[in-house]
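Quick look at my_file_14.pdb (PDB, C-alpha atoms):
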ATOM      1  CA  MET A  22       3.955 -22.727 -18.795
ATOM      2  CA  SER A  23       5.679 -20.701 -21.554
ATOM      3  CA  THR A  24       8.260 -18.096 -20.624
ATOM      4  CA  LEU A  25       9.765 -14.993 -22.205
ATOM      5  CA  THR A  26      13.472 -14.124 -21.986
ATOM      6  CA  LEU A  27      14.199 -10.438 -21.378
ATOM      7  CA  ARG A  28      17.736  -9.122 -21.997
ATOM      8  CA  ALA A  29      19.241  -5.808 -20.891
ATOM      9  CA  GLY A  30      22.962  -5.927 -21.662
ATOM     10  CA  PRO A  31      24.555  -8.708 -19.615
ATOM     11  CA  VAL A  32      21.399  -9.170 -17.495
ATOM     12  CA  MET A  33      18.935 -11.852 -18.614
ATOM     13  CA  VAL A  34      15.610 -12.563 -16.895
ATOM     14  CA  GLU A  35      13.034 -15.244 -17.686
ATOM     15  CA  VAL A  36       9.398 -14.189 -17.095
ATOM     16  CA  GLU A  37       6.248 -16.258 -17.489
ATOM     17  CA  ARG A  38       4.363 -15.142 -20.592
ATOM     18  CA  ARG A  39       1.063 -14.528 -18.746
ATOM     19  CA  THR A  40       2.835 -12.488 -16.057
ATOM     20  CA  ALA A  41       4.492 -10.365 -18.747
ATOM     21  CA  VAL A  42       1.168  -9.778 -20.537
ATOM     22  CA  VAL A  43      -0.693  -8.896 -17.315
ATOM     23  CA  THR A  44       2.130  -6.616 -16.176
ATOM     24  CA  SER A  45       2.113  -4.774 -19.516
ATOM     25  CA  ALA A  46      -1.680  -4.411 -19.347
ATOM     26  CA  LEU A  47      -1.526  -3.006 -15.799
ATOM     27  CA  VAL A  48       1.150  -0.506 -16.841
ATOM     28  CA  ALA A  49      -1.060   0.592 -19.763
ATOM     29  CA  VAL A  50      -4.118   0.988 -17.482
ATOM     30  CA  ALA A  51      -2.046   2.954 -14.951
ATOM     31  CA  ALA A  52      -0.768   5.259 -17.718
ATOM     32  CA  ALA A  53      -4.311   5.835 -19.027
ATOM     33  CA  LEU A  54      -5.632   6.610 -15.531
ATOM     34  CA  ALA A  55      -2.676   8.922 -14.875
ATOM     35  CA  LEU A  56      -3.474  10.873 -18.060
ATOM     36  CA  LEU A  57      -7.123  11.051 -16.989
ATOM     37  CA  GLY A  58      -6.037  12.259 -13.547
ATOM     38  CA  LEU A  59      -3.949  15.037 -15.115
ATOM     39  CA  CYS A  60      -6.918  16.100 -17.265
ATOM     40  CA  GLN A  61      -9.329  16.071 -14.301
ATOM     41  CA  GLY A  62      -9.573  19.195 -12.161
ATOM     42  CA  GLN A  63     -11.624  22.307 -11.573
ATOM     43  CA  ASP A  64     -11.179  22.985 -15.291
ATOM     44  CA  TRP A  65     -10.944  20.019 -17.692
ATOM     45  CA  ALA A  66      -7.731  19.915 -19.741
ATOM     46  CA  SER A  67      -7.604  17.919 -22.952
ATOM     47  CA  PRO A  68      -4.937  15.181 -23.300
ATOM     48  CA  ALA A  69      -3.168  17.356 -25.870
ATOM     49  CA  GLU A  70      -2.996  20.252 -23.387
ATOM     50  CA  VAL A  71      -1.636  17.899 -20.717
ATOM     51  CA  LEU A  72       1.082  16.558 -22.997
ATOM     52  CA  THR A  73       2.000  20.094 -24.071
ATOM     53  CA  ALA A  74       2.163  21.244 -20.435
ATOM     54  CA  LEU A  75       4.401  18.332 -19.482
ATOM     55  CA  THR A  76       6.805  18.686 -22.396
ATOM     56  CA  ARG A  77       6.829  22.344 -23.451
ATOM     57  CA  GLY A  78       4.983  24.354 -20.809
ATOM     58  CA  GLY A  79       2.120  26.672 -21.674
ATOM     59  CA  GLU A  80      -0.739  28.402 -19.877
ATOM     60  CA  SER A  81      -1.804  25.375 -17.846
ATOM     61  CA  ALA A  82       1.697  24.074 -17.134
ATOM     62  CA  PHE A  83       1.796  25.303 -13.530
ATOM     63  CA  VAL A  84      -1.567  23.770 -12.628
ATOM     64  CA  ILE A  85      -0.795  20.415 -14.232
ATOM     65  CA  ARG A  86       2.838  20.113 -13.128
ATOM     66  CA  GLU A  87       2.590  21.543  -9.591
ATOM     67  CA  TRP A  88      -0.972  20.656  -8.539
ATOM     68  CA  ARG A  89      -2.241  17.636 -10.458
ATOM     69  CA  LEU A  90       0.988  15.730 -11.197
ATOM     70  CA  PRO A  91       2.033  15.357  -7.491
ATOM     71  CA  ARG A  92      -1.423  13.965  -6.665
ATOM     72  CA  VAL A  93      -1.334  11.475  -9.542
ATOM     73  CA  ALA A  94       2.233  10.419  -8.689
ATOM     74  CA  ALA A  95       1.311  10.044  -5.011
ATOM     75  CA  ALA A  96      -1.683   7.846  -5.864
ATOM     76  CA  LEU A  97       0.465   5.577  -8.034
ATOM     77  CA  VAL A  98       3.437   5.335  -5.655
ATOM     78  CA  PHE A  99       1.389   5.089  -2.455
ATOM     79  CA  GLY A 100      -0.941   2.516  -4.030
ATOM     80  CA  ALA A 101       2.046   0.468  -5.188
ATOM     81  CA  SER A 102       3.568   0.743  -1.715
ATOM     82  CA  LEU A 103       0.377  -0.518  -0.066
ATOM     83  CA  GLY A 104       0.118  -3.340  -2.610
ATOM     84  CA  LEU A 105       3.698  -4.384  -1.816
ATOM     85  CA  ALA A 106       3.046  -4.244   1.933
ATOM     86  CA  GLY A 107      -0.029  -6.426   1.517
ATOM     87  CA  ALA A 108       1.884  -8.938  -0.618
ATOM     88  CA  VAL A 109       4.683  -9.123   1.948
ATOM     89  CA  PHE A 110       2.355  -9.896   4.852
ATOM     90  CA  GLN A 111       0.155 -12.268   2.842
ATOM     91  CA  ASN A 112       3.306 -14.184   1.874
ATOM     92  CA  LEU A 113       4.439 -14.117   5.500
ATOM     93  CA  THR A 114       1.130 -15.372   6.905
ATOM     94  CA  ARG A 115       0.202 -17.446   3.811
ATOM     95  CA  ASN A 116      -3.327 -16.141   4.192
ATOM     96  CA  ALA A 117      -5.349 -13.686   2.062
ATOM     97  CA  LEU A 118      -6.489 -11.895   5.232
ATOM     98  CA  GLY A 119      -2.915 -11.195   6.341
ATOM     99  CA  SER A 120      -2.977  -7.523   5.372
ATOM    100  CA  PRO A 121      -1.522  -4.550   7.333
ATOM    101  CA  ASP A 122      -4.955  -2.906   7.679
ATOM    102  CA  VAL A 123      -6.532  -6.126   9.018
ATOM    103  CA  ILE A 124      -3.825  -7.124  11.511
ATOM    104  CA  GLY A 125      -3.445  -3.691  13.080
ATOM    105  CA  LEU A 126      -0.337  -2.206  11.469
ATOM    106  CA  ASP A 127      -2.259   0.696   9.909
ATOM    107  CA  ALA A 128      -3.874   1.369  13.294
ATOM    108  CA  GLY A 129      -0.439   1.263  14.966
ATOM    109  CA  ALA A 130       0.997   3.701  12.439
ATOM    110  CA  TYR A 131      -2.023   5.970  13.015
ATOM    111  CA  THR A 132      -1.445   5.791  16.779
ATOM    112  CA  GLY A 133       2.164   6.889  16.312
ATOM    113  CA  ALA A 134       1.082   9.763  14.082
ATOM    114  CA  LEU A 135      -1.614  10.817  16.579
ATOM    115  CA  VAL A 136       0.983  10.942  19.351
ATOM    116  CA  ALA A 137       3.161  13.135  17.111
ATOM    117  CA  ILE A 138       0.197  15.460  16.467
ATOM    118  CA  THR A 139      -1.157  15.717  20.021
ATOM    119  CA  VAL A 140       2.016  15.504  22.131
ATOM    120  CA  LEU A 141       4.641  16.975  19.808
ATOM    121  CA  ASN A 142       4.404  19.746  17.199
ATOM    122  CA  GLY A 143       3.145  17.462  14.430
ATOM    123  CA  THR A 144       5.787  18.425  11.859
ATOM    124  CA  ALA A 145       6.203  16.313   8.727
ATOM    125  CA  GLY A 146       9.322  14.641  10.134
ATOM    126  CA  GLN A 147       7.639  13.885  13.459
ATOM    127  CA  LEU A 148       4.602  12.470  11.661
ATOM    128  CA  ALA A 149       6.779  10.170   9.540
ATOM    129  CA  ALA A 150       8.900   9.027  12.491
ATOM    130  CA  GLY A 151       5.861   8.554  14.731
ATOM    131  CA  SER A 152       3.993   6.627  12.068
ATOM    132  CA  VAL A 153       6.894   4.243  11.348
ATOM    133  CA  ALA A 154       7.606   3.779  15.075
ATOM    134  CA  GLY A 155       3.931   3.080  15.813
ATOM    135  CA  GLY A 156       3.704   0.560  12.994
ATOM    136  CA  LEU A 157       6.914  -1.211  14.061
ATOM    137  CA  LEU A 158       5.807  -1.317  17.716
ATOM    138  CA  ALA A 159       2.440  -2.804  16.734
ATOM    139  CA  ALA A 160       4.216  -5.361  14.518
ATOM    140  CA  ALA A 161       6.574  -6.290  17.365
ATOM    141  CA  VAL A 162       3.666  -6.790  19.787
ATOM    142  CA  ILE A 163       1.740  -8.917  17.274
ATOM    143  CA  TYR A 164       4.856 -10.929  16.384
ATOM    144  CA  VAL A 165       5.706 -11.704  20.021
ATOM    145  CA  LEU A 166       2.126 -12.599  20.955
ATOM    146  CA  SER A 167       1.856 -14.840  17.869
ATOM    147  CA  LEU A 168       4.887 -16.935  18.798
ATOM    148  CA  ASP A 169       3.762 -20.231  20.254
ATOM    149  CA  SER A 170       5.763 -23.293  19.291
ATOM    150  CA  GLY A 171       6.431 -21.468  16.027
ATOM    151  CA  LEU A 172       5.057 -18.624  13.924
ATOM    152  CA  SER A 173       1.534 -19.514  12.709
ATOM    153  CA  GLY A 174      -0.067 -17.381  10.023
ATOM    154  CA  LEU A 175      -3.615 -17.883  11.310
ATOM    155  CA  ARG A 176      -2.570 -17.175  14.916
ATOM    156  CA  LEU A 177      -0.785 -13.993  13.772
ATOM    157  CA  ILE A 178      -3.952 -12.822  11.988
ATOM    158  CA  VAL A 179      -6.201 -13.512  14.985
ATOM    159  CA  VAL A 180      -3.790 -11.724  17.339
ATOM    160  CA  GLY A 181      -3.488  -8.894  14.818
ATOM    161  CA  ILE A 182      -7.264  -8.419  14.630
ATOM    162  CA  ALA A 183      -7.391  -8.200  18.448
ATOM    163  CA  VAL A 184      -4.521  -5.693  18.517
ATOM    164  CA  ASN A 185      -6.236  -3.715  15.744
ATOM    165  CA  ALA A 186      -9.406  -3.448  17.854
ATOM    166  CA  MET A 187      -7.465  -2.256  20.905
ATOM    167  CA  LEU A 188      -5.467   0.294  18.903
ATOM    168  CA  THR A 189      -8.637   1.603  17.239
ATOM    169  CA  ALA A 190     -10.143   2.187  20.693
ATOM    170  CA  LEU A 191      -6.922   3.874  21.844
ATOM    171  CA  ASN A 192      -6.921   6.136  18.779
ATOM    172  CA  SER A 193     -10.528   7.188  19.466
ATOM    173  CA  TRP A 194      -9.608   7.990  23.081
ATOM    174  CA  ILE A 195      -6.605  10.090  21.984
ATOM    175  CA  VAL A 196      -8.795  12.083  19.582
ATOM    176  CA  LEU A 197     -11.487  12.607  22.251
ATOM    177  CA  ARG A 198      -8.885  13.867  24.745
ATOM    178  CA  ALA A 199      -7.258  16.275  22.271
ATOM    179  CA  GLU A 200      -8.083  19.963  21.901
ATOM    180  CA  ILE A 201     -10.925  20.652  19.483
ATOM    181  CA  ASP A 202      -8.814  22.022  16.619
ATOM    182  CA  VAL A 203      -6.305  19.183  16.894
ATOM    183  CA  ALA A 204      -9.123  16.623  17.130
ATOM    184  CA  LEU A 205     -10.801  18.008  14.000
ATOM    185  CA  ALA A 206      -7.532  17.915  12.060
ATOM    186  CA  ALA A 207      -6.754  14.371  13.237
ATOM    187  CA  THR A 208     -10.260  13.136  12.423
ATOM    188  CA  GLY A 209     -10.148  14.608   8.911
ATOM    189  CA  TRP A 210      -6.696  13.180   8.305
ATOM    190  CA  SER A 211      -7.778   9.728   9.562
ATOM    191  CA  ALA A 212     -10.153   9.355   6.585
ATOM    192  CA  GLY A 213      -7.167   8.965   4.252
ATOM    193  CA  SER A 214      -6.864  11.693   1.634
ATOM    194  CA  LEU A 215      -4.637  12.897  -1.191
ATOM    195  CA  ASN A 216      -6.294  16.318  -1.323
ATOM    196  CA  GLY A 217      -3.730  19.132  -1.424
ATOM    197  CA  VAL A 218      -0.676  16.867  -1.786
ATOM    198  CA  ASP A 219       2.272  18.723  -3.373
ATOM    199  CA  TRP A 220       5.869  17.954  -4.346
ATOM    200  CA  ALA A 221       7.278  19.226  -1.030
ATOM    201  CA  GLU A 222       5.263  16.593   0.849
ATOM    202  CA  VAL A 223       5.982  13.583  -1.347
ATOM    203  CA  ARG A 224       9.687  13.846  -2.243
ATOM    204  CA  LEU A 225      10.966  12.345   1.032
ATOM    205  CA  PRO A 226       8.270   9.617   1.233
ATOM    206  CA  PHE A 227       9.053   8.603  -2.368
ATOM    207  CA  ALA A 228      12.737   8.231  -1.434
ATOM    208  CA  VAL A 229      11.910   6.209   1.711
ATOM    209  CA  ILE A 230       9.565   3.917  -0.207
ATOM    210  CA  GLY A 231      12.304   3.491  -2.826
ATOM    211  CA  LEU A 232      14.679   2.211  -0.120
ATOM    212  CA  PHE A 233      12.124  -0.337   1.109
ATOM    213  CA  VAL A 234      11.474  -1.461  -2.484
ATOM    214  CA  LEU A 235      15.237  -1.940  -2.895
ATOM    215  CA  LEU A 236      15.239  -4.086   0.261
ATOM    216  CA  LEU A 237      12.419  -6.215  -1.178
ATOM    217  CA  VAL A 238      14.346  -6.664  -4.430
ATOM    218  CA  VAL A 239      17.366  -7.899  -2.452
ATOM    219  CA  ILE A 240      15.355 -10.467  -0.457
ATOM    220  CA  SER A 241      12.917 -11.408  -3.241
ATOM    221  CA  HIS A 242      14.774 -14.637  -4.115
ATOM    222  CA  ALA A 243      14.745 -15.766  -0.468
ATOM    223  CA  MET A 244      11.031 -14.880  -0.259
ATOM    224  CA  HIS A 245      10.381 -17.081  -3.294
ATOM    225  CA  GLN A 246      12.246 -19.967  -1.645
ATOM    226  CA  ALA A 247      10.337 -19.450   1.629
ATOM    227  CA  ALA A 248       7.037 -19.549  -0.272
ATOM    228  CA  LEU A 249       7.864 -23.136  -1.279
ATOM    229  CA  GLY A 250       7.872 -24.194   2.392
ATOM    230  CA  ASP A 251      10.101 -23.858   5.436
ATOM    231  CA  GLN A 252      11.907 -27.142   4.770
ATOM    232  CA  VAL A 253      12.773 -26.199   1.190
ATOM    233  CA  ALA A 254      13.906 -22.741   2.327
ATOM    234  CA  ARG A 255      16.221 -24.149   5.017
ATOM    235  CA  THR A 256      17.777 -26.688   2.648
ATOM    236  CA  THR A 257      18.612 -23.874   0.194
ATOM    237  CA  GLY A 258      20.318 -21.820   2.880
ATOM    238  CA  VAL A 259      17.590 -19.303   3.678
ATOM    239  CA  ARG A 260      17.741 -17.978   7.260
ATOM    240  CA  LEU A 261      14.004 -17.806   7.948
ATOM    241  CA  GLY A 262      14.168 -15.784  11.173
ATOM    242  CA  ARG A 263      16.257 -13.013   9.593
ATOM    243  CA  LEU A 264      14.164 -13.098   6.401
ATOM    244  CA  ARG A 265      10.894 -12.682   8.305
ATOM    245  CA  LEU A 266      12.236  -9.739  10.292
ATOM    246  CA  LEU A 267      13.344  -8.020   7.061
ATOM    247  CA  MET A 268       9.940  -8.723   5.492
ATOM    248  CA  VAL A 269       8.155  -7.200   8.504
ATOM    249  CA  LEU A 270      10.480  -4.162   8.372
ATOM    250  CA  ALA A 271       9.821  -3.618   4.659
ATOM    251  CA  GLY A 272       6.050  -4.167   4.975
ATOM    252  CA  VAL A 273       5.658  -1.878   7.963
ATOM    253  CA  GLY A 274       7.899   0.744   6.373
ATOM    254  CA  CYS A 275       5.847   0.807   3.152
ATOM    255  CA  THR A 276       2.461   1.117   4.880
ATOM    256  CA  ALA A 277       3.625   3.516   7.638
ATOM    257  CA  THR A 278       5.231   5.916   5.137
ATOM    258  CA  VAL A 279       1.941   6.176   3.259
ATOM    259  CA  THR A 280       0.002   6.639   6.508
ATOM    260  CA  ALA A 281       2.303   9.484   7.580
ATOM    261  CA  ILE A 282       1.361  11.541   4.495
ATOM    262  CA  ALA A 283      -2.114  10.450   3.387
ATOM    263  CA  GLY A 284      -3.510   8.956   6.584
ATOM    264  CA  PRO A 285      -4.680   5.334   6.822
ATOM    265  CA  VAL A 286      -5.926   4.302   3.351
ATOM    266  CA  VAL A 287      -7.548   0.940   3.967
ATOM    267  CA  PHE A 288      -8.253  -2.153   1.826
ATOM    268  CA  ILE A 289      -5.728  -1.421  -0.955
ATOM    269  CA  ALA A 290      -3.157  -3.609   0.825
ATOM    270  CA  LEU A 291      -5.809  -6.293   1.322
ATOM    271  CA  ALA A 292      -7.252  -6.403  -2.182
ATOM    272  CA  ALA A 293      -4.364  -5.561  -4.540
ATOM    273  CA  PRO A 294      -2.161  -8.632  -3.856
ATOM    274  CA  GLN A 295      -5.046 -11.083  -4.318
ATOM    275  CA  ILE A 296      -6.305  -9.373  -7.489
ATOM    276  CA  GLY A 297      -2.759  -9.390  -8.880
ATOM    277  CA  ARG A 298      -2.283 -13.060  -7.931
ATOM    278  CA  ARG A 299      -5.521 -14.077  -9.643
ATOM    279  CA  LEU A 300      -4.647 -12.086 -12.780
ATOM    280  CA  VAL A 301      -1.304 -13.855 -13.225
ATOM    281  CA  ARG A 302      -2.630 -17.168 -11.809
ATOM    282  CA  ALA A 303       0.394 -17.529  -9.557
ATOM    283  CA  ALA A 304       0.634 -19.995  -6.665
ATOM    284  CA  GLY A 305       2.070 -17.430  -4.259
ATOM    285  CA  VAL A 306       1.553 -13.657  -4.019
ATOM    286  CA  PRO A 307       3.909 -12.028  -6.575
ATOM    287  CA  LEU A 308       5.214  -8.557  -5.710
ATOM    288  CA  VAL A 309       5.178  -6.782  -9.091
ATOM    289  CA  PRO A 310       1.509  -7.506 -10.012
ATOM    290  CA  ALA A 311       0.526  -6.570  -6.428
ATOM    291  CA  ALA A 312       2.341  -3.228  -6.677
ATOM    292  CA  LEU A 313       0.899  -2.370 -10.099
ATOM    293  CA  THR A 314      -2.621  -3.387  -9.042
ATOM    294  CA  GLY A 315      -2.307  -1.268  -5.902
ATOM    295  CA  GLY A 316      -1.280   1.775  -7.942
ATOM    296  CA  VAL A 317      -4.165   1.277 -10.374
ATOM    297  CA  LEU A 318      -6.718   0.779  -7.566
ATOM    298  CA  LEU A 319      -5.682   3.851  -5.562
ATOM    299  CA  LEU A 320      -5.495   6.087  -8.647
ATOM    300  CA  ALA A 321      -8.930   4.904  -9.818
ATOM    301  CA  ALA A 322     -10.378   5.386  -6.314
ATOM    302  CA  ASP A 323      -8.931   8.913  -6.140
ATOM    303  CA  LEU A 324     -10.504   9.806  -9.493
ATOM    304  CA  VAL A 325     -13.877   8.540  -8.240
ATOM    305  CA  ALA A 326     -13.416  10.556  -5.041
ATOM    306  CA  GLN A 327     -12.821  13.718  -7.108
ATOM    307  CA  VAL A 328     -15.831  13.389  -9.427
ATOM    308  CA  LEU A 329     -18.432  11.668  -7.223
ATOM    309  CA  LEU A 330     -19.599  14.838  -5.429
ATOM    310  CA  ALA A 331     -17.783  17.421  -7.588
ATOM    311  CA  PRO A 332     -16.793  20.162  -6.958
ATOM    312  CA  VAL A 333     -16.308  18.720  -3.435
ATOM    313  CA  ALA A 334     -13.450  16.179  -3.419
ATOM    314  CA  LEU A 335     -14.064  13.273  -1.046
ATOM    315  CA  PRO A 336     -11.162  11.712   0.893
ATOM    316  CA  VAL A 337      -9.973   8.732  -1.141
ATOM    317  CA  GLY A 338     -10.199   6.584   2.004
ATOM    318  CA  VAL A 339     -13.982   6.897   1.890
ATOM    319  CA  VAL A 340     -14.070   5.322  -1.575
ATOM    320  CA  THR A 341     -11.558   2.551  -0.760
ATOM    321  CA  THR A 342     -13.487   1.724   2.419
ATOM    322  CA  ALA A 343     -16.806   1.450   0.547
ATOM    323  CA  ILE A 344     -15.333  -0.753  -2.187
ATOM    324  CA  GLY A 345     -13.104  -2.692   0.178
ATOM    325  CA  GLY A 346     -15.966  -3.577   2.512
ATOM    326  CA  CYS A 347     -17.722  -5.414  -0.306
ATOM    327  CA  TYR A 348     -14.443  -7.124  -1.234
ATOM    328  CA  LEU A 349     -13.838  -8.212   2.396
ATOM    329  CA  ILE A 350     -17.320  -9.771   2.633
ATOM    330  CA  TRP A 351     -16.675 -11.702  -0.596
ATOM    331  CA  LEU A 352     -13.210 -12.782   0.618
ATOM    332  CA  LEU A 353     -14.540 -13.996   3.972
ATOM    333  CA  GLY A 354     -17.240 -15.971   2.140
ATOM    334  CA  MET A 355     -14.583 -17.617  -0.054
ATOM    335  CA  GLU A 356     -12.438 -18.477   2.991
ATOM    336  CA  VAL A 357     -15.429 -20.063   4.758
ATOM    337  CA  LYS A 358     -16.305 -22.158   1.686
ATOM    338  CA  ARG A 359     -12.698 -23.290   1.317
ATOM    339  CA  ARG A 360     -12.628 -24.581   4.899
TER     340      ARG A 360
END
Whole structure, structure tokens version:
Amino acid sequence: MSTLTLRAGPVMVEVERRTAVVTSALVAVAAALALLGLCQGQDWASPAEVLTALTRGGESAFVIREWRLPRVAAALVFGASLGLAGAVFQNLTRNALGSPDVIGLDAGAYTGALVAITVLNGTAGQLAAGSVAGGLLAAAVIYVLSLDSGLSGLRLIVVGIAVNAMLTALNSWIVLRAEIDVALAATGWSAGSLNGVDWAEVRLPFAVIGLFVLLLVVISHAMHQAALGDQVARTTGVRLGRLRLLMVLAGVGCTATVTAIAGPVVFIALAAPQIGRRLVRAAGVPLVPAALTGGVLLLAADLVAQVLLAPVALPVGVVTTAIGGCYLIWLLGMEVKRR
């Protein structure tokens, strides 16, 4: 397969030509959707008005910079974060169904956030901490229950689906036991929405996601070695136990941070890595195509959510659930045929 050599000063990276082409195309699609998202609103702004507002100000600068731009940025960053989380767990389990929303990590993060809302004051910090703690606790339970004579991807998925069912029941019980105003707020938030997101809400999550992305960059070489098989990884000096714990930490951190702000947005983490893998025709689940595909999917879903019943903006989770359900049925059919 032909490769391209990219140079930036003393740094030189070789990239497969198809991966480079697909990555460039995804960046172009994301940029086009972002421009469309900045134009879309209660009043349509032309692309020229958007560019003027972003560069020089003008009458619509406040609306575009302070209202629409945070939502578009959140869709791109949160979608990329979910795509990365899905790629991490699908690499870990070596199974297309090994996604945070299938194996119960989203439900665990939601449980932690519900506890922060119903027991504590439900501040932004408490929501973030509760969501990450809930996701990590669910991951720890699934990881321990999945250990038999060794970590099996299929066993982890089956245990995760069972834990997901139990956590979903627990979440419903918490909502039913809460006071009516808290229950209404929690139920609305559980649909997964980017409505009303502003810069004050997304600055800290963007920074946290950036730290987890940095962690993934550091361990990406070891992840590539592990994808070639445990024996190959051990012979090249990869400490598999430590690597898997770091992968779980990064995956849970990415999905729980998104859940803390937007609520559980399902199916992006499941679909984006596999779509990205098929686009670049890679053997494993590459991180960059998964992240870009996740950003494109969530931004496109949010645009659909805004225009489908305009002027009422649907929660983006409703759209991703509807599309993702069809994708899950197709994926399960493919898995059955393969076996």
### Task
Give as an MDAnalysis selection string each residue that has an atom at most 10 Å from (-8.4, 2.9, 16.8) in the file, counting all atoms listed in the file.
chainID A and resid 125 127:129 131:132 184:196 211
### Message
With the PyMOL selection byres ((chain A and resi 225) around 12) as the selection, what would be picked from this file? Answer as a PyMOL selection string, please.
### Response
chain A and resi 95+145-146+149+219-224+226-232+278-279+281-282
Restricting the output to C-alpha atoms, write the selected residues as a CSV table (one decimal), in the frame of the given file.
chain,number,residue,atom,x,y,z
A,95,ALA,CA,1.3,10.0,-5.0
A,145,ALA,CA,6.2,16.3,8.7
A,146,GLY,CA,9.3,14.6,10.1
A,149,ALA,CA,6.8,10.2,9.5
A,219,ASP,CA,2.3,18.7,-3.4
A,220,TRP,CA,5.9,18.0,-4.3
A,221,ALA,CA,7.3,19.2,-1.0
A,222,GLU,CA,5.3,16.6,0.8
A,223,VAL,CA,6.0,13.6,-1.3
A,224,ARG,CA,9.7,13.8,-2.2
A,226,PRO,CA,8.3,9.6,1.2
A,227,PHE,CA,9.1,8.6,-2.4
A,228,ALA,CA,12.7,8.2,-1.4
A,229,VAL,CA,11.9,6.2,1.7
A,230,ILE,CA,9.6,3.9,-0.2
A,231,GLY,CA,12.3,3.5,-2.8
A,232,LEU,CA,14.7,2.2,-0.1
A,278,THR,CA,5.2,5.9,5.1
A,279,VAL,CA,1.9,6.2,3.3
A,281,ALA,CA,2.3,9.5,7.6
A,282,ILE,CA,1.4,11.5,4.5
### Message
As a check of understanding, name the residues that the PyMOL selection byres ((chain A and resi 89) around 9) selects in the supplied structure, as a VMD selection string.
### Response
chain A and resid 58 to 62 84 to 88 90 to 94 218 to 219
Emit the selected residues as a PDB file, in the frame of the given file, including C-alpha atoms.
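Printed below is again.pdb as written:
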ATOM      1  CA  GLY A  58      -6.037  12.259 -13.547  1.00  0.00           C
ATOM      2  CA  LEU A  59      -3.949  15.037 -15.115  1.00  0.00           C
ATOM      3  CA  CYS A  60      -6.918  16.100 -17.265  1.00  0.00           C
ATOM      4  CA  GLN A  61      -9.329  16.071 -14.301  1.00  0.00           C
ATOM      5  CA  GLY A  62      -9.573  19.195 -12.161  1.00  0.00           C
ATOM      6  CA  VAL A  84      -1.567  23.770 -12.628  1.00  0.00           C
ATOM      7  CA  ILE A  85      -0.795  20.415 -14.232  1.00  0.00           C
ATOM      8  CA  ARG A  86       2.838  20.113 -13.128  1.00  0.00           C
ATOM      9  CA  GLU A  87       2.590  21.543  -9.591  1.00  0.00           C
ATOM     10  CA  TRP A  88      -0.972  20.656  -8.539  1.00  0.00           C
ATOM     11  CA  LEU A  90       0.988  15.730 -11.197  1.00  0.00           C
ATOM     12  CA  PRO A  91       2.033  15.357  -7.491  1.00  0.00           C
ATOM     13  CA  ARG A  92      -1.423  13.965  -6.665  1.00  0.00           C
ATOM     14  CA  VAL A  93      -1.334  11.475  -9.542  1.00  0.00           C
ATOM     15  CA  ALA A  94       2.233  10.419  -8.689  1.00  0.00           C
ATOM     16  CA  VAL A 218      -0.676  16.867  -1.786  1.00  0.00           C
ATOM     17  CA  ASP A 219       2.272  18.723  -3.373  1.00  0.00           C
TER      18      ASP A 219
END
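If all atoms listed in the file are the atoms counted, then among A:Val317, A:Val234, A:Ala303, A:Met268 the closest residue to Arg39 (chain A) is A:Ala303.
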### Message
Assuming the chain letters and numbering stay as they are in my file, what does the PyMOL selection byres ((chain A and resi 104) around 6) actually select? List them as a list in words.
### Response
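Expected selection for the PyMOL selection byres ((chain A and resi 104) around 6) here is Ala101, Ser102, Leu103, Leu105, Ala106, Gly107, Ala290, Ala293, Pro294, Ala311, Ala312 and Gly315 of chain A.
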### For Ala334 (chain A), the nearest of the candidates A:Ser214, A:Tyr164, A:Leu235, A:Ser67, counting only C-alpha atoms
A:Ser214
### Task
Write out as a PyMOL selection string the residues lying within 12 Å of Leu249 (chain A), counting all atoms listed in the file and excluding same-chain residues fewer than 4 positions away.
chain A and resi 112-113+115+242-245+253-257+259+304-306
Next, dump the selected residues to file, keeping only C-alpha atoms, as a PDB file, in the coordinates of the input.
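See selection_19.pdb below for the written result:
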ATOM      1  CA  ASN A 112       3.306 -14.184   1.874  1.00  0.00           C
ATOM      2  CA  LEU A 113       4.439 -14.117   5.500  1.00  0.00           C
ATOM      3  CA  ARG A 115       0.202 -17.446   3.811  1.00  0.00           C
ATOM      4  CA  HIS A 242      14.774 -14.637  -4.115  1.00  0.00           C
ATOM      5  CA  ALA A 243      14.745 -15.766  -0.468  1.00  0.00           C
ATOM      6  CA  MET A 244      11.031 -14.880  -0.259  1.00  0.00           C
ATOM      7  CA  HIS A 245      10.381 -17.081  -3.294  1.00  0.00           C
ATOM      8  CA  VAL A 253      12.773 -26.199   1.190  1.00  0.00           C
ATOM      9  CA  ALA A 254      13.906 -22.741   2.327  1.00  0.00           C
ATOM     10  CA  ARG A 255      16.221 -24.149   5.017  1.00  0.00           C
ATOM     11  CA  THR A 256      17.777 -26.688   2.648  1.00  0.00           C
ATOM     12  CA  THR A 257      18.612 -23.874   0.194  1.00  0.00           C
ATOM     13  CA  VAL A 259      17.590 -19.303   3.678  1.00  0.00           C
ATOM     14  CA  ALA A 304       0.634 -19.995  -6.665  1.00  0.00           C
ATOM     15  CA  GLY A 305       2.070 -17.430  -4.259  1.00  0.00           C
ATOM     16  CA  VAL A 306       1.553 -13.657  -4.019  1.00  0.00           C
TER      17      VAL A 306
END
### Message
I'd like the contact shell of Leu267 (chain A) - 12 Å cut-off, only C-alpha atoms, skipping same-chain residues fewer than 3 positions apart - returned as a list in words.
### Response
Val109, Phe110, Leu113, Leu157, Phe233, Val234, Leu235, Leu236, Leu237, Val238, Val239, Ile240, Ser241, Ala243, Met244, Arg260, Leu261, Gly262, Arg263, Leu264, Leu270, Ala271, Gly272, Val273 and Gly274 of chain A
#### Entry: Spatial neighbours of Thr314 (chain A), max dist 12 Å, all atoms listed in the file, sep filter under 3 positions, as a PyMOL selection string
chain A and resi 43-51+96-105+107-108+289-301+307-311+317-321
